[in-house]
$ cat work17.txt   # compact mmCIF, C-alpha atoms
# COMPACT_ATOMS: atom_id res chain seq x y z
CA MET E 1 -121.04 187.89 9.25
CA ASN E 2 -124.48 186.36 8.66
CA ASN E 3 -125.03 183.46 6.25
CA PHE E 4 -125.80 184.53 2.68
CA ILE E 5 -126.42 183.43 -0.88
CA PHE E 6 -125.12 185.86 -3.48
CA GLU E 7 -125.70 186.10 -7.22
CA ASN E 8 -125.90 189.02 -9.62
CA GLN E 9 -127.15 188.20 -13.08
CA THR E 10 -126.69 191.59 -14.74
CA LYS E 11 -123.88 191.87 -17.28
CA VAL E 12 -122.43 195.39 -17.18
CA TYR E 13 -120.94 197.24 -20.14
CA PHE E 14 -119.12 200.12 -18.50
CA GLY E 15 -117.54 203.14 -20.12
CA LYS E 16 -117.66 205.68 -22.90
CA GLY E 17 -118.97 204.45 -26.24
CA GLY E 18 -120.19 201.10 -24.93
CA VAL E 19 -123.66 201.39 -26.45
CA LYS E 20 -122.30 202.03 -29.93
CA GLU E 21 -119.77 199.21 -29.63
CA TYR E 22 -121.82 196.45 -28.01
CA LEU E 23 -125.59 197.06 -28.07
CA GLY E 24 -126.14 195.67 -31.56
CA CYS E 25 -124.48 192.37 -30.67
CA VAL E 26 -126.47 192.13 -27.44
CA LEU E 27 -129.79 192.71 -29.24
CA ARG E 28 -129.23 189.66 -31.45
CA HIS E 29 -129.95 187.41 -28.48
CA TYR E 30 -133.56 188.66 -28.24
CA GLY E 31 -136.70 188.63 -30.38
CA ASP E 32 -137.85 191.12 -32.98
CA THR E 33 -140.02 193.49 -30.92
CA VAL E 34 -138.34 195.87 -28.48
CA MET E 35 -140.12 198.26 -26.15
CA LEU E 36 -138.00 201.42 -25.88
CA ALA E 37 -138.88 203.03 -22.55
CA TYR E 38 -137.80 206.48 -21.44
CA GLY E 39 -138.85 209.53 -19.44
CA GLY E 40 -139.63 213.09 -20.35
CA GLY E 41 -137.71 213.26 -23.61
CA SER E 42 -134.23 214.34 -22.50
CA ILE E 43 -132.77 211.42 -24.46
CA MET E 44 -134.07 213.06 -27.62
CA ARG E 45 -132.31 216.32 -26.83
CA ASN E 46 -128.97 214.77 -25.89
CA GLY E 47 -128.68 212.41 -28.85
CA VAL E 48 -129.10 209.13 -26.96
CA TYR E 49 -132.49 208.44 -28.55
CA ASP E 50 -131.12 208.79 -32.09
CA GLU E 51 -128.11 206.62 -31.24
CA VAL E 52 -130.22 203.82 -29.77
CA MET E 53 -132.89 204.00 -32.46
CA GLY E 54 -130.20 203.77 -35.13
CA ILE E 55 -128.83 200.59 -33.57
CA LEU E 56 -132.31 199.08 -33.16
CA SER E 57 -133.08 199.85 -36.81
CA ALA E 58 -129.78 198.39 -37.99
CA GLU E 59 -130.63 195.17 -36.14
CA GLY E 60 -134.07 195.01 -37.79
CA LYS E 61 -136.04 195.45 -34.59
CA THR E 62 -139.65 196.58 -34.42
CA VAL E 63 -139.77 199.36 -31.85
CA VAL E 64 -142.67 200.05 -29.49
CA GLU E 65 -142.15 203.32 -27.61
CA PHE E 66 -143.18 203.74 -23.98
CA SER E 67 -142.45 207.33 -22.97
CA GLY E 68 -143.32 209.80 -20.23
CA ILE E 69 -142.09 207.78 -17.24
CA MET E 70 -142.02 210.25 -14.37
CA PRO E 71 -139.32 210.75 -11.69
CA ASN E 72 -141.48 208.98 -9.09
CA PRO E 73 -143.10 206.33 -11.32
CA THR E 74 -146.71 205.63 -10.54
CA TYR E 75 -148.58 202.36 -10.47
CA ALA E 76 -150.88 203.67 -13.19
CA LYS E 77 -147.84 204.16 -15.42
CA VAL E 78 -146.74 200.58 -14.72
CA GLN E 79 -150.13 199.29 -15.82
CA GLU E 80 -150.00 201.43 -18.96
CA GLY E 81 -146.64 199.92 -19.87
CA ALA E 82 -147.72 196.37 -19.10
CA LYS E 83 -150.78 196.73 -21.34
CA LEU E 84 -148.63 198.10 -24.15
CA ALA E 85 -146.14 195.25 -23.77
CA ARG E 86 -148.84 192.58 -23.82
CA GLU E 87 -150.68 194.02 -26.80
CA ASN E 88 -147.49 194.25 -28.86
CA HIS E 89 -145.98 190.92 -27.78
CA VAL E 90 -142.79 192.63 -26.69
CA ASP E 91 -139.67 190.43 -26.62
CA LEU E 92 -137.33 192.83 -24.81
CA ILE E 93 -137.81 195.96 -22.74
CA LEU E 94 -134.98 198.47 -23.14
CA ALA E 95 -135.10 201.06 -20.35
CA VAL E 96 -133.15 204.22 -21.23
CA GLY E 97 -132.78 206.81 -18.46
CA GLY E 98 -132.27 206.93 -14.72
CA GLY E 99 -133.51 204.79 -11.87
CA SER E 100 -137.16 205.78 -12.27
CA VAL E 101 -137.29 204.45 -15.84
CA SER E 102 -135.51 201.26 -14.77
CA ASP E 103 -137.80 200.78 -11.74
CA CYS E 104 -140.95 201.27 -13.77
CA CYS E 105 -139.80 198.80 -16.41
CA LYS E 106 -138.90 196.12 -13.86
CA ILE E 107 -142.53 196.02 -12.76
CA VAL E 108 -143.89 196.37 -16.31
CA SER E 109 -141.79 193.32 -17.19
CA ALA E 110 -143.44 191.28 -14.42
CA GLN E 111 -146.98 192.66 -14.66
CA ALA E 112 -147.13 191.96 -18.40
CA LYS E 113 -146.71 188.24 -17.65
CA LEU E 114 -149.26 188.14 -14.80
CA ARG E 115 -153.03 187.72 -14.81
CA GLU E 116 -153.34 189.27 -11.34
CA ASP E 117 -152.45 192.66 -9.92
CA ILE E 118 -148.79 192.61 -8.88
CA TRP E 119 -149.28 195.15 -6.08
CA GLU E 120 -151.94 193.03 -4.36
CA MET E 121 -149.97 189.88 -5.10
CA GLU E 122 -146.88 191.15 -3.31
CA MET E 123 -148.36 193.40 -0.61
CA THR E 124 -151.33 191.21 0.40
CA LYS E 125 -150.44 187.63 -0.56
CA HIS E 126 -146.67 188.11 -0.12
CA THR E 127 -145.98 186.08 -3.25
CA TYR E 128 -143.66 187.19 -6.01
CA PRO E 129 -143.47 186.91 -9.79
CA ASN E 130 -141.14 184.44 -11.49
CA ARG E 131 -141.84 185.12 -15.18
CA PHE E 132 -140.69 188.30 -16.92
CA ILE E 133 -140.20 189.95 -20.27
CA PRO E 134 -136.41 190.23 -20.62
CA LEU E 135 -135.09 193.63 -19.56
CA GLY E 136 -132.01 195.65 -20.43
CA THR E 137 -131.01 199.13 -19.29
CA ILE E 138 -129.02 202.05 -20.66
CA VAL E 139 -128.31 204.34 -17.72
CA THR E 140 -128.15 208.09 -18.35
CA ALA E 141 -128.49 209.38 -14.76
CA PHE E 142 -126.66 207.68 -11.91
CA GLY E 143 -127.47 207.33 -8.23
CA THR E 144 -130.12 204.69 -7.68
CA GLY E 145 -128.11 201.63 -8.69
CA SER E 146 -131.39 200.23 -10.00
CA GLU E 147 -129.67 198.65 -13.00
CA MET E 148 -128.18 195.79 -10.96
CA ASN E 149 -131.05 194.56 -8.76
CA ALA E 150 -134.68 193.47 -8.96
CA GLY E 151 -136.15 196.01 -6.56
CA ALA E 152 -138.29 198.92 -7.70
CA VAL E 153 -139.88 201.86 -5.91
CA ILE E 154 -143.36 202.64 -7.19
CA THR E 155 -145.93 205.21 -6.00
CA HIS E 156 -149.50 203.94 -5.72
CA GLU E 157 -151.33 207.25 -5.90
CA GLY E 158 -154.69 205.78 -4.97
CA LYS E 159 -153.32 204.31 -1.76
CA LYS E 160 -150.84 207.16 -1.07
CA ILE E 161 -148.06 204.61 -0.66
CA LYS E 162 -144.60 204.75 -2.18
CA ALA E 163 -143.05 201.35 -1.67
CA GLY E 164 -140.52 198.85 -2.89
CA ILE E 165 -141.84 195.93 -4.92
CA ALA E 166 -139.96 193.18 -6.70
CA GLY E 167 -139.81 192.80 -10.45
CA ALA E 168 -137.38 191.79 -13.15
CA GLN E 169 -133.64 192.25 -12.92
CA ALA E 170 -131.92 193.50 -16.04
CA ASP E 171 -130.03 190.95 -18.13
CA PHE E 172 -127.60 193.68 -19.15
CA ALA E 173 -126.81 197.29 -18.29
CA PHE E 174 -124.88 199.94 -20.18
CA LEU E 175 -123.20 202.47 -17.90
CA ASP E 176 -121.67 205.30 -19.95
CA PRO E 177 -120.66 208.15 -17.61
CA ALA E 178 -120.52 210.53 -20.57
CA TYR E 179 -124.31 210.33 -20.86
CA SER E 180 -124.61 212.11 -17.52
CA MET E 181 -122.99 215.25 -18.99
CA SER E 182 -126.39 216.38 -20.30
CA VAL E 183 -128.20 215.76 -17.01
CA PRO E 184 -128.92 218.99 -15.05
CA PHE E 185 -126.11 219.41 -12.53
CA PRO E 186 -128.36 219.57 -9.43
CA GLN E 187 -129.81 216.20 -10.48
CA VAL E 188 -126.30 214.75 -10.75
CA ILE E 189 -125.54 215.87 -7.19
CA SER E 190 -128.82 214.64 -5.71
CA GLY E 191 -128.33 211.32 -7.49
CA ALA E 192 -124.84 210.98 -6.06
CA PHE E 193 -126.20 211.70 -2.60
CA ASP E 194 -128.72 208.90 -3.09
CA THR E 195 -125.73 206.60 -3.63
CA LEU E 196 -124.19 207.81 -0.36
CA SER E 197 -127.52 207.25 1.35
CA HIS E 198 -127.74 203.67 0.04
CA ALA E 199 -124.27 202.98 1.37
CA MET E 200 -125.04 204.49 4.78
CA GLU E 201 -128.36 202.67 5.05
CA THR E 202 -126.51 199.40 4.50
CA TYR E 203 -123.57 200.30 6.76
CA PHE E 204 -125.76 201.12 9.75
CA GLY E 205 -127.60 197.82 9.51
CA LYS E 206 -126.92 194.71 11.55
CA PRO E 207 -124.54 193.23 12.57
CA ASP E 208 -122.38 196.23 13.40
CA GLU E 209 -119.16 194.31 14.06
CA ASN E 210 -116.21 194.47 11.67
CA ASN E 211 -116.80 192.64 8.40
CA LEU E 212 -115.56 192.80 4.82
CA SER E 213 -118.82 194.24 3.49
CA ASP E 214 -118.43 197.27 5.75
CA ASP E 215 -114.76 197.69 4.86
CA ILE E 216 -115.73 197.89 1.18
CA ASN E 217 -118.63 200.17 2.05
CA GLU E 218 -116.35 202.69 3.75
CA ALA E 219 -114.29 202.92 0.57
CA VAL E 220 -117.47 203.49 -1.48
CA MET E 221 -118.66 206.25 0.87
CA ARG E 222 -115.28 208.00 0.86
CA GLY E 223 -115.20 207.75 -2.93
CA VAL E 224 -118.65 209.29 -3.32
CA ILE E 225 -117.80 212.18 -0.98
CA ARG E 226 -114.46 212.79 -2.72
CA ASN E 227 -115.89 212.72 -6.24
CA ILE E 228 -118.88 214.92 -5.46
CA ARG E 229 -116.36 217.49 -4.28
CA VAL E 230 -114.37 217.04 -7.49
CA LEU E 231 -117.51 217.67 -9.55
CA LEU E 232 -118.26 220.86 -7.63
CA ARG E 233 -114.85 222.14 -8.78
CA GLU E 234 -114.83 220.45 -12.19
CA PRO E 235 -118.41 219.76 -13.33
CA ASP E 236 -117.28 218.16 -16.60
CA SER E 237 -114.83 215.70 -15.02
CA TYR E 238 -115.40 212.38 -16.78
CA GLU E 239 -113.21 210.62 -14.23
CA ALA E 240 -115.29 211.82 -11.27
CA ARG E 241 -118.52 210.95 -13.08
CA SER E 242 -117.21 207.49 -13.91
CA GLU E 243 -116.32 206.88 -10.26
CA LEU E 244 -119.79 208.01 -9.16
CA ALA E 245 -121.44 205.83 -11.81
CA TRP E 246 -119.71 202.70 -10.55
CA ALA E 247 -120.22 203.67 -6.90
CA SER E 248 -123.94 203.91 -7.65
CA ALA E 249 -123.98 200.35 -8.97
CA MET E 250 -121.80 199.05 -6.12
CA ALA E 251 -124.09 200.54 -3.50
CA GLU E 252 -127.08 198.56 -4.80
CA ASN E 253 -125.74 195.46 -6.57
CA GLY E 254 -125.78 193.47 -3.33
CA VAL E 255 -122.06 193.39 -2.58
CA LEU E 256 -122.22 195.82 0.34
CA LYS E 257 -125.22 193.97 1.77
CA ILE E 258 -123.56 190.56 1.98
CA GLY E 259 -124.02 189.22 5.51
CA LYS E 260 -126.05 192.27 6.61
CA ILE E 261 -129.58 193.10 7.67
CA THR E 262 -129.89 196.58 6.21
CA ASP E 263 -131.34 199.67 7.85
CA PHE E 264 -133.06 201.85 5.17
CA GLN E 265 -135.23 203.63 7.75
CA CYS E 266 -134.44 206.98 6.15
CA HIS E 267 -135.57 205.67 2.77
CA GLN E 268 -138.82 204.42 4.24
CA ILE E 269 -139.60 207.84 5.72
CA GLU E 270 -138.63 209.64 2.50
CA HIS E 271 -140.73 207.28 0.41
CA GLN E 272 -143.85 208.28 2.29
CA LEU E 273 -142.89 211.94 2.17
CA GLY E 274 -142.62 211.45 -1.58
CA ALA E 275 -145.98 209.70 -1.72
CA TYR E 276 -147.61 212.77 -0.18
CA THR E 277 -145.54 215.49 -1.92
CA ASP E 278 -143.82 213.98 -5.00
CA CYS E 279 -140.55 215.51 -3.77
CA ASN E 280 -137.13 214.79 -5.28
CA HIS E 281 -135.83 211.58 -3.72
CA GLY E 282 -132.18 212.51 -3.19
CA LYS E 283 -133.06 215.92 -1.80
CA GLY E 284 -135.63 214.40 0.55
CA LEU E 285 -133.01 212.01 1.88
CA ALA E 286 -130.61 214.90 2.42
CA VAL E 287 -133.15 216.66 4.63
CA ILE E 288 -134.08 213.60 6.68
CA HIS E 289 -130.72 211.89 7.25
CA PRO E 290 -129.17 214.32 9.77
CA ALA E 291 -132.34 214.60 11.87
CA LEU E 292 -132.82 210.83 11.88
CA TYR E 293 -129.17 210.16 12.73
CA ARG E 294 -129.10 212.70 15.56
CA HIS E 295 -132.07 210.79 16.97
CA ILE E 296 -130.64 207.27 16.68
CA CYS E 297 -126.86 207.66 16.94
CA PRO E 298 -126.83 207.26 20.78
CA TYR E 299 -128.24 203.75 20.24
CA GLY E 300 -125.49 202.84 17.77
CA ALA E 301 -122.69 205.00 19.11
CA LYS E 302 -119.89 202.54 18.37
CA ARG E 303 -120.89 202.15 14.72
CA PHE E 304 -121.50 205.89 14.23
CA ALA E 305 -118.12 206.61 15.84
CA ARG E 306 -116.44 204.28 13.35
CA PHE E 307 -118.30 206.09 10.55
CA ALA E 308 -117.02 209.43 11.86
CA GLN E 309 -113.42 208.27 11.98
CA ARG E 310 -113.15 206.10 8.85
CA VAL E 311 -115.41 208.02 6.49
CA TRP E 312 -115.03 211.63 7.66
CA GLY E 313 -111.54 211.43 9.17
CA ILE E 314 -112.62 212.74 12.56
CA ALA E 315 -110.23 212.20 15.46
CA PRO E 316 -111.73 210.24 18.37
CA LYS E 317 -113.39 212.33 21.06
CA ASN E 318 -113.63 211.52 24.77
CA THR E 319 -116.46 209.04 24.21
CA ASP E 320 -117.98 207.08 21.34
CA ALA E 321 -121.14 209.14 21.75
CA GLU E 322 -119.25 212.40 21.15
CA THR E 323 -117.38 210.96 18.16
CA ALA E 324 -120.63 209.57 16.75
CA LEU E 325 -122.37 212.94 16.93
CA ALA E 326 -119.37 214.63 15.30
CA GLY E 327 -119.78 212.24 12.36
CA VAL E 328 -123.46 213.11 12.01
CA GLU E 329 -122.63 216.82 12.05
CA ALA E 330 -119.93 216.24 9.40
CA LEU E 331 -122.62 214.65 7.22
CA ALA E 332 -124.96 217.60 7.83
CA ALA E 333 -122.19 220.08 6.94
CA PHE E 334 -121.42 218.12 3.75
CA ILE E 335 -125.07 218.27 2.69
CA GLU E 336 -124.99 222.04 3.07
CA GLU E 337 -121.60 222.24 1.31
CA ILE E 338 -122.88 220.49 -1.82
CA GLY E 339 -125.98 222.64 -2.06
CA LEU E 340 -128.67 220.15 -1.10
CA PRO E 341 -131.63 221.30 1.02
CA THR E 342 -131.38 221.09 4.79
CA SER E 343 -135.05 221.55 5.68
CA LEU E 344 -138.47 220.62 4.35
CA ALA E 345 -139.13 224.31 3.70
CA GLU E 346 -135.99 224.57 1.58
CA LEU E 347 -137.05 221.40 -0.21
CA GLY E 348 -140.31 223.15 -1.12
CA ILE E 349 -142.60 221.00 1.00
CA PRO E 350 -145.81 222.97 1.73
CA GLY E 351 -146.23 223.95 5.36
CA ASP E 352 -149.66 222.32 5.53
CA THR E 353 -148.38 218.88 4.50
CA ASP E 354 -149.86 216.22 6.77
CA LEU E 355 -146.62 215.06 8.40
CA ARG E 356 -148.61 212.97 10.85
CA ALA E 357 -150.02 210.94 7.98
CA VAL E 358 -146.55 210.63 6.46
CA ALA E 359 -145.16 209.33 9.76
CA ASP E 360 -148.03 206.97 10.49
CA SER E 361 -147.78 205.37 7.04
CA SER E 362 -143.98 204.96 7.12
CA ASN E 363 -142.66 201.42 7.26
CA ILE E 364 -140.50 200.61 10.30
CA THR E 365 -137.43 198.58 9.44
CA ALA E 366 -135.77 195.71 11.30
CA GLY E 367 -132.16 196.71 10.65
CA CYS E 368 -132.11 200.11 12.35
CA CYS E 369 -130.04 200.34 15.55
CA LYS E 370 -133.19 201.65 17.25
CA LYS E 371 -136.65 200.42 16.35
CA LEU E 372 -138.58 203.64 15.93
CA THR E 373 -142.22 204.29 16.69
CA HIS E 374 -144.47 206.27 14.39
CA GLU E 375 -144.53 208.99 17.03
CA GLU E 376 -140.73 209.23 16.87
CA ILE E 377 -140.85 209.43 13.09
CA TYR E 378 -143.34 212.28 13.42
CA GLU E 379 -140.97 214.08 15.80
CA ILE E 380 -138.11 213.61 13.34
CA LEU E 381 -140.20 215.07 10.52
CA LEU E 382 -141.12 218.04 12.69
CA GLU E 383 -137.41 218.62 13.33
CA CYS E 384 -136.89 218.67 9.55
CA ARG E 385 -139.28 221.58 9.00

$ encode --input "work17.txt" --output "structure tokens"
Amino acid sequence: MNNFIFENQTKVYFGKGGVKEYLGCVLRHYGDTVMLAYGGGSIMRNGVYDEVMGILSAEGKTVVEFSGIMPNPTYAKVQEGAKLARENHVDLILAVGGGSVSDCCKIVSAQAKLREDIWEMEMTKHTYPNRFIPLGTIVTAFGTGSEMNAGAVITHEGKKIKAGIAGAQADFAFLDPAYSMSVPFPQVISGAFDTLSHAMETYFGKPDENNLSDDINEAVMRGVIRNIRVLLREPDSYEARSELAWASAMAENGVLKIGKITDFQCHQIEHQLGAYTDCNHGKGLAVIHPALYRHICPYGAKRFARFAQRVWGIAPKNTDAETALAGVEALAAFIEEIGLPTSLAELGIPGDTDLRAVADSSNITAGCCKKLTHEEIYEILLECR
């Protein structure tokens, strides 16, 4: 295992009714003005907005609303939120929603304290913010694990780049699995697949020898697969939703990454596909993963063979290469089983999308078992059509 330093500052309040029981007490540690951030208004329809507003009112907070955060948050939306936060001297940002709301608010929190453009600061100067407006999250849609780290994925529409940038990490996070009951079921499934993707992207990183992080990761992956299948039979299962909610956090709170250089090549390709098409993130990953893994599994046959055996329960074949490919095909069959798209056409990507531009603008990661070229990424995308 590689050397590491590990810390996670986010305090998690997990379970049904946690917001009602604890949020008021938590709010007393912050100033008077709270920015309440959310997406398209689903929290108004499902009662979460009224619940949170009631608690904020009871605690005497002045509320500044920042709404309309989109599924793939844009840099323009970040700047809108930062301006609003500065003008109203916001003391706490409360992000209510899924990973997109959380991601947007992480960068709002940082940008509001900066005099320079955070995108140029990080992407050009490679320097990072160290002052933030305090941030808390109330998660209503699970999958990204955004509530327990400082990374955010933002789409810069002007540059046609969807990329990870660093912002604030939440001081606290409320994870109530019951809130996900009002989320459209296809979104629940695609979010859960994003969790599986995060776990795989960490698992296939380096080193690929046995280590505790990977042992834990295998349990997370098996749990996600098992509980997605439970939800397909019992969509209202609180127990399955609670398992998926915690798996989402575990996949991105840093525990599985301890001692690892992560892969995340699939995410990098999907990010650029999203930058050009605004496609659903989890569904885009579902399309790309099998094609990418068929391409690279010969270069990491031992690790992919372990994945096949320990995650999918596949008996060893004659060679690691055969076992590895069987694991990839088990993943592809699972994607089809749970109703996620298996091609770009099924995902709704227009046939005239410039896949060459998507490939050429995709970041190439250090942790992948094979360092890809942009030409290889283009070939993979063509295979996804």

$ atom_distance --input "work17.txt" --atom1 "atom CA of E:Ala366" --atom2 "atom CA of E:Ile161"
19.3 Å

$ atom_distance --input "work17.txt" --atom1 "atom CA of E:Ile43" --atom2 "atom CA of E:Arg229"
26.7 Å

$ residues_around --input "work17.txt" --residues "E:Glu218" --least-positions-apart "3" --cutoff "8 Å" --atoms "all atoms listed in the file" --output "short mmCIF file (atom, residue, chain, number, x, y, z; two decimals) with C-alpha atoms, in the frame of the given file"
data_model
loop_
_atom_site.label_atom_id
_atom_site.label_comp_id
_atom_site.auth_asym_id
_atom_site.auth_seq_id
_atom_site.Cartn_x
_atom_site.Cartn_y
_atom_site.Cartn_z
CA ASP E 214 -118.43 197.27 5.75
CA ASP E 215 -114.76 197.69 4.86
CA MET E 221 -118.66 206.25 0.87
CA ARG E 222 -115.28 208.00 0.86
CA PHE E 307 -118.30 206.09 10.55
CA ARG E 310 -113.15 206.10 8.85
CA VAL E 311 -115.41 208.02 6.49
#

$ axis_aligned_box --input "work17.txt" --around "stretch 28-44 of chain E" --padding-each-side "5 Å" --output "lines of an AutoDock Vina configuration file"
center_x = -134.7
center_y = 200.9
center_z = -26.2
size_x = 20.9
size_y = 36.9
size_z = 23.5

$ residues_around --input "work17.txt" --residues "stretch 154-157 of chain E" --least-positions-apart "6" --cutoff "10 Å" --atoms "all atoms listed in the file" --output "PyMOL selection string"
chain E and resi 72-78+100+103-104+107+119+163-165+271-272+274-276+278

$ residues_near_point --input "work17.txt" --point "(-134.4, 206.5, -4.8)" --cutoff "12 Å" --atoms "all atoms listed in the file" --output "ChimeraX atom specification"
/E:71-73,98-103,141-146,151-155,162-164,190-198,248,251-252,264,266-272,274,279-286

$ residues_around --input "work17.txt" --residues "E:Thr127" --least-positions-apart "4" --cutoff "12 Å" --atoms "all atoms listed in the file" --output "PDB file with C-alpha atoms, in the coordinates of the input"
ATOM      1  CA  GLU E 116    -153.340 189.270 -11.340  1.00  0.00           C
ATOM      2  CA  ASP E 117    -152.450 192.660  -9.920  1.00  0.00           C
ATOM      3  CA  ILE E 118    -148.790 192.610  -8.880  1.00  0.00           C
ATOM      4  CA  TRP E 119    -149.280 195.150  -6.080  1.00  0.00           C
ATOM      5  CA  GLU E 120    -151.940 193.030  -4.360  1.00  0.00           C
ATOM      6  CA  MET E 121    -149.970 189.880  -5.100  1.00  0.00           C
ATOM      7  CA  GLU E 122    -146.880 191.150  -3.310  1.00  0.00           C
ATOM      8  CA  MET E 123    -148.360 193.400  -0.610  1.00  0.00           C
ATOM      9  CA  ILE E 165    -141.840 195.930  -4.920  1.00  0.00           C
ATOM     10  CA  ALA E 166    -139.960 193.180  -6.700  1.00  0.00           C
ATOM     11  CA  GLY E 167    -139.810 192.800 -10.450  1.00  0.00           C
TER      12      GLY E 167
END

$ atom_distance --input "work17.txt" --atom1 "atom CA of E:Pro207" --atom2 "atom CA of E:Met1"
7.2 Å

$ closest_atom_pairs --input "work17.txt" --of "stretch 80-174 of chain E" --to "stretch 11-28 of chain E" --cutoff "10 Å" --atoms "only C-alpha atoms" --output "JSON lines"
{"residue": "E:Leu92", "atom": "CA", "partner": "E:Leu27", "partner_atom": "CA", "distance": 8.7}
{"residue": "E:Leu94", "atom": "CA", "partner": "E:Leu27", "partner_atom": "CA", "distance": 9.9}
{"residue": "E:Gly136", "atom": "CA", "partner": "E:Lys11", "partner_atom": "CA", "distance": 9.5}
{"residue": "E:Thr137", "atom": "CA", "partner": "E:Val12", "partner_atom": "CA", "distance": 9.6}
{"residue": "E:Ile138", "atom": "CA", "partner": "E:Val19", "partner_atom": "CA", "distance": 7.9}
{"residue": "E:Glu147", "atom": "CA", "partner": "E:Val12", "partner_atom": "CA", "distance": 9.0}
{"residue": "E:Met148", "atom": "CA", "partner": "E:Val12", "partner_atom": "CA", "distance": 8.5}
{"residue": "E:Ala170", "atom": "CA", "partner": "E:Lys11", "partner_atom": "CA", "distance": 8.3}
{"residue": "E:Asp171", "atom": "CA", "partner": "E:Lys11", "partner_atom": "CA", "distance": 6.3}
{"residue": "E:Phe172", "atom": "CA", "partner": "E:Lys11", "partner_atom": "CA", "distance": 4.5}
{"residue": "E:Ala173", "atom": "CA", "partner": "E:Val12", "partner_atom": "CA", "distance": 4.9}
{"residue": "E:Phe174", "atom": "CA", "partner": "E:Tyr13", "partner_atom": "CA", "distance": 4.8}

$ residues_around --input "work17.txt" --residues "E:Thr319" --least-positions-apart "6" --cutoff "12 Å" --atoms "only C-alpha atoms" --output "list in words"
Pro298, Ala301, Lys302, Phe304, Ala305, Arg306, Leu325 and Ala326 of chain E

$ closest_atom_pairs --input "work17.txt" --of "stretch 186-234 of chain E" --to "stretch 258-262 of chain E" --cutoff "9 Å" --atoms "all atoms listed in the file" --output "JSON lines"
{"residue": "E:Glu201", "atom": "CA", "partner": "E:Thr262", "partner_atom": "CA", "distance": 6.4}
{"residue": "E:Thr202", "atom": "CA", "partner": "E:Thr262", "partner_atom": "CA", "distance": 4.7}
{"residue": "E:Tyr203", "atom": "CA", "partner": "E:Thr262", "partner_atom": "CA", "distance": 7.4}
{"residue": "E:Phe204", "atom": "CA", "partner": "E:Thr262", "partner_atom": "CA", "distance": 7.1}
{"residue": "E:Gly205", "atom": "CA", "partner": "E:Thr262", "partner_atom": "CA", "distance": 4.2}
{"residue": "E:Lys206", "atom": "CA", "partner": "E:Ile261", "partner_atom": "CA", "distance": 5.0}
{"residue": "E:Pro207", "atom": "CA", "partner": "E:Lys260", "partner_atom": "CA", "distance": 6.2}
{"residue": "E:Asp208", "atom": "CA", "partner": "E:Lys260", "partner_atom": "CA", "distance": 8.7}
{"residue": "E:Asn211", "atom": "CA", "partner": "E:Gly259", "partner_atom": "CA", "distance": 8.5}
{"residue": "E:Leu212", "atom": "CA", "partner": "E:Ile258", "partner_atom": "CA", "distance": 8.8}
{"residue": "E:Ser213", "atom": "CA", "partner": "E:Ile258", "partner_atom": "CA", "distance": 6.2}

$ residues_around --input "work17.txt" --residues "stretch 338-351 of chain E" --least-positions-apart "2" --cutoff "7 Å" --atoms "only C-alpha atoms" --output "number ranges by chain"
E: 277, 283, 286-287, 334-336, 353, 384-385

$ closest_residue --input "work17.txt" --among "E:Ala333, E:Val96, E:Ala357, E:Leu292" --to "E:Glu51" --atoms "all atoms listed in the file"
E:Val96

$ closest_atom_pairs --input "work17.txt" --of "stretch 89-180 of chain E" --to "stretch 241-244 of chain E" --cutoff "9 Å" --atoms "only C-alpha atoms" --output "CSV"
residue,atom,partner,partner_atom,distance
E:Phe142,CA,E:Leu244,CA,7.4
E:Gly143,CA,E:Leu244,CA,7.8
E:Leu175,CA,E:Ser242,CA,8.8
E:Asp176,CA,E:Ser242,CA,7.8
E:Pro177,CA,E:Ser242,CA,5.1
E:Ala178,CA,E:Arg241,CA,7.8
E:Ser180,CA,E:Arg241,CA,7.6
